[in-house]
Amino acid sequence: MSTITERPVSNPAGQPPVRTVPEASAVARRDVRAVVAAYVALTKPRIVELLLVTTVPAMMLADGGLPSLWLMAVVLIGGSLAAGAASVLNCYIDRDIDQLMRRTKRRPLPAHTVSPRAALVFGLVLAAVSIALMVAFTNLLAAALTLAAIVYYDVVYTLWLKRTTTANTFWGGACGAAPVLIGWAAVTGSLAPQAWVLFGVVFFWQMPHFYPLAMKYKADYARAGIPMLPVVASARRVNAEILIFAWLTVATSLALWPLGMSAIYGVPTAVVGGFFLLEAHRLCRRVSRGEAEKPMRLFHWSTTYLTIVFAAVALDALI
């Protein structure tokens, strides 16, 4: 980070030097960095990380090894732009509720760092570029899935489901799992059973991953009028769904083992799945006993779980 310099000006009669205003170029550089950082924040880079964690191993399994680096680069760039576009448009649509929530009120739109019109244009441009890349350098199925994921996330989930139903996380889970299908389709031009199993892993995983976050920020969602399950349902209902979907996640991940995977995939997936289930049960037990919930422990553990499972997919495909 550069510092703003002030140039001393000579002063007659031995007076102390007079300081000038900060140099215009330094101020301009600082402003440019702030604007760039705001636009990057709109894309929600952490969500793009999920794309990298799931897409590359899916492509490797589809190829039976390492796909061409050119194809991987195109899919990752196009997919990252698509995920970024969906997030930017989500921020544009949700700007009214983001300003009501402590977790989101510092985002660029409620903080007035970026104007709504600029965000809308930025999101649409990212979406157009991502689809163009996928059409030009992959195939129509991968491009169609990319477009469908953006439309579903912003129109179906953000505009409709998120604000109207407690099942919003469940139905919105298809967006987070879409990169698996996109990566597979980019390699093969089709969708095999293994692709759908991996899709199921990420789809089911999103409930035990996101419900703890919604538990932590329950007051925020209530203030914004968003019917997240932990806001409107009993603790017993939330516990039940966390456990059901955690078990479904692990069961689905193990269902991939007999579909051509070896112990290189199966053993670490079973072990980390056991720890994932243990942490889910621990959270639900704390909630049922009225103890300190500590929901973010499961939130972070779920990310570790998914990373290890897909790392095992990649390793198995290579070996």
# chains A, B, ... in the order shown; residues from 1 in each chain; ligands from 1
>>> residues_around(residues="A:Ala222", least_positions_apart="4", cutoff="12 Å", atoms="only C-alpha atoms", output="PyMOL selection string")
chain A and resi 97+100-102+163+214-218+226-233
>>> closest_atom_pairs(of="stretch 101-220 of chain A", to="stretch 243-262 of chain A", cutoff="10 Å", atoms="only C-alpha atoms", output="JSON lines")
{"residue": "A:Phe170", "atom": "CA", "partner": "A:Phe245", "partner_atom": "CA", "distance": 9.8}
{"residue": "A:Pro193", "atom": "CA", "partner": "A:Leu259", "partner_atom": "CA", "distance": 8.4}
{"residue": "A:Gln194", "atom": "CA", "partner": "A:Leu256", "partner_atom": "CA", "distance": 6.6}
{"residue": "A:Ala195", "atom": "CA", "partner": "A:Leu256", "partner_atom": "CA", "distance": 9.5}
{"residue": "A:Trp196", "atom": "CA", "partner": "A:Leu256", "partner_atom": "CA", "distance": 9.7}
{"residue": "A:Val197", "atom": "CA", "partner": "A:Leu256", "partner_atom": "CA", "distance": 6.4}
{"residue": "A:Leu198", "atom": "CA", "partner": "A:Ser253", "partner_atom": "CA", "distance": 7.1}
{"residue": "A:Phe199", "atom": "CA", "partner": "A:Thr252", "partner_atom": "CA", "distance": 9.4}
{"residue": "A:Gly200", "atom": "CA", "partner": "A:Thr252", "partner_atom": "CA", "distance": 6.6}
{"residue": "A:Val201", "atom": "CA", "partner": "A:Thr249", "partner_atom": "CA", "distance": 5.1}
{"residue": "A:Val202", "atom": "CA", "partner": "A:Thr249", "partner_atom": "CA", "distance": 7.5}
{"residue": "A:Phe203", "atom": "CA", "partner": "A:Thr249", "partner_atom": "CA", "distance": 8.0}
{"residue": "A:Phe204", "atom": "CA", "partner": "A:Thr249", "partner_atom": "CA", "distance": 5.2}
{"residue": "A:Trp205", "atom": "CA", "partner": "A:Thr249", "partner_atom": "CA", "distance": 5.4}
{"residue": "A:Gln206", "atom": "CA", "partner": "A:Phe245", "partner_atom": "CA", "distance": 8.4}
{"residue": "A:Met207", "atom": "CA", "partner": "A:Phe245", "partner_atom": "CA", "distance": 6.3}
{"residue": "A:Pro208", "atom": "CA", "partner": "A:Ala246", "partner_atom": "CA", "distance": 5.8}
{"residue": "A:His209", "atom": "CA", "partner": "A:Ala246", "partner_atom": "CA", "distance": 8.8}
>>> write_last_selection(atoms="N, CA and C atoms", output="tab-separated table (two decimals), in the first residue's frame")
chain	number	residue	atom	x	y	z
A	170	PHE	N	-32.62	-25.42	0.16
A	170	PHE	CA	-32.70	-26.69	-0.54
A	170	PHE	C	-32.78	-26.47	-2.05
A	193	PRO	N	-23.52	-41.01	-15.05
A	193	PRO	CA	-24.01	-41.20	-13.67
A	193	PRO	C	-23.06	-40.65	-12.61
A	194	GLN	N	-21.75	-40.79	-12.83
A	194	GLN	CA	-20.80	-40.26	-11.85
A	194	GLN	C	-20.95	-38.75	-11.68
A	195	ALA	N	-21.26	-38.06	-12.78
A	195	ALA	CA	-21.45	-36.60	-12.69
A	195	ALA	C	-22.63	-36.27	-11.80
A	196	TRP	N	-23.72	-37.02	-11.94
A	196	TRP	CA	-24.91	-36.78	-11.13
A	196	TRP	C	-24.69	-37.13	-9.67
A	197	VAL	N	-23.86	-38.14	-9.41
A	197	VAL	CA	-23.55	-38.47	-8.01
A	197	VAL	C	-22.75	-37.33	-7.37
A	198	LEU	N	-21.74	-36.82	-8.09
A	198	LEU	CA	-20.99	-35.68	-7.56
A	198	LEU	C	-21.89	-34.46	-7.37
A	199	PHE	N	-22.79	-34.26	-8.31
A	199	PHE	CA	-23.78	-33.18	-8.16
A	199	PHE	C	-24.57	-33.37	-6.87
A	200	GLY	N	-24.99	-34.61	-6.61
A	200	GLY	CA	-25.76	-34.90	-5.40
A	200	GLY	C	-24.97	-34.63	-4.13
A	201	VAL	N	-23.67	-34.92	-4.15
A	201	VAL	CA	-22.84	-34.65	-2.98
A	201	VAL	C	-22.87	-33.17	-2.63
A	202	VAL	N	-22.61	-32.33	-3.62
A	202	VAL	CA	-22.58	-30.88	-3.37
A	202	VAL	C	-23.98	-30.36	-3.05
A	203	PHE	N	-25.00	-30.90	-3.71
A	203	PHE	CA	-26.37	-30.46	-3.47
A	203	PHE	C	-26.78	-30.72	-2.03
A	204	PHE	N	-26.62	-31.95	-1.55
A	204	PHE	CA	-27.03	-32.27	-0.19
A	204	PHE	C	-26.15	-31.57	0.85
A	205	TRP	N	-24.87	-31.40	0.51
A	205	TRP	CA	-23.92	-30.79	1.43
A	205	TRP	C	-24.30	-29.36	1.81
A	206	GLN	N	-24.99	-28.67	0.95
A	206	GLN	CA	-25.25	-27.25	1.19
A	206	GLN	C	-26.18	-27.00	2.37
A	207	MET	N	-27.04	-27.94	2.73
A	207	MET	CA	-27.89	-27.73	3.91
A	207	MET	C	-27.09	-27.78	5.20
A	208	PRO	N	-26.32	-28.85	5.49
A	208	PRO	CA	-25.52	-28.81	6.72
A	208	PRO	C	-24.40	-27.79	6.68
A	209	HIS	N	-24.08	-27.28	5.51
A	209	HIS	CA	-23.08	-26.22	5.40
A	209	HIS	C	-23.69	-24.86	5.69
>>> closest_residue(among="A:Val88, A:Ala224, A:Ala185, A:Ala82", to="A:Lys44", atoms="only C-alpha atoms")
A:Val88
>>> closest_residue(among="A:Val74, A:Ala167, A:Ala38, A:Ile93", to="A:His112", atoms="only C-alpha atoms")
A:Ala38
>>> closest_atom_pairs(of="stretch 35-65 of chain A", to="stretch 304-317 of chain A", cutoff="8 Å", atoms="only C-alpha atoms", output="Markdown table")
| residue | atom | partner | partner_atom | distance |
| --- | --- | --- | --- | --- |
| A:Val53 | CA | A:Thr307 | CA | 6.2 |
| A:Thr54 | CA | A:Phe310 | CA | 6.1 |
| A:Val56 | CA | A:Ala314 | CA | 7.7 |
| A:Pro57 | CA | A:Ala314 | CA | 4.5 |
| A:Ala58 | CA | A:Val313 | CA | 7.5 |
| A:Met60 | CA | A:Ala317 | CA | 6.0 |
| A:Leu61 | CA | A:Ala317 | CA | 5.1 |
| A:Gly64 | CA | A:Ala317 | CA | 5.4 |
| A:Gly65 | CA | A:Ala317 | CA | 5.2 |
>>> atom_distance(atom1="atom CA of A:Glu293", atom2="atom CA of A:Ile47")
24.8 Å
>>> residues_around(residues="A:Thr43", least_positions_apart="6", cutoff="9 Å", atoms="only C-alpha atoms", output="JSON, numbers by chain")
{"A": [81, 83, 84, 85, 86, 87, 88, 89, 91, 123]}
>>> atom_distance(atom1="atom CA of A:His300", atom2="atom CA of A:Arg46")
12.8 Å
>>> closest_residue(among="A:Ala219, A:Val114, A:Val129, A:Leu318", to="A:Val40", atoms="only C-alpha atoms")
A:Val114
>>> closest_residue(among="A:Arg237, A:Met59, A:Val271, A:Ser302", to="A:Val287", atoms="only C-alpha atoms")
A:Arg237
>>> closest_residue(among="A:Leu278, A:Ala270, A:Leu76, A:Met296", to="A:Phe137", atoms="only C-alpha atoms")
A:Leu76
>>> closest_residue(among="A:Glu49, A:Asp154, A:Asp31, A:Asp220", to="A:Asn90", atoms="only C-alpha atoms")
A:Asp154
>>> atom_distance(atom1="atom CA of A:Pro212", atom2="atom CA of A:Val155")
24.9 Å
>>> residues_around(residues="A:Ala73", least_positions_apart="2", cutoff="12 Å", atoms="only C-alpha atoms", output="list in words")
Leu52, Thr55, Val56, Met59, Pro67, Ser68, Leu69, Trp70, Leu71, Val75, Leu76, Ile77, Gly78, Gly79, Ser80, Leu133, Met134, Phe137, Thr138, Gly183 and Ala186 of chain A
>>> residues_around(residues="A:Arg286", least_positions_apart="5", cutoff="12 Å", atoms="only C-alpha atoms", output="PyMOL selection string")
chain A and resi 235-236+239+279-281+291-295+297-298
>>> select_by_dssp(residues="stretch 55-264 of chain A", states="helix (DSSP H, G or I)", output="VMD selection string")
chain A and resid 55 to 63 69 to 93 95 to 98 116 to 137 140 to 164 168 to 188 193 to 216 218 to 224 229 to 232 235 to 255 263 to 264
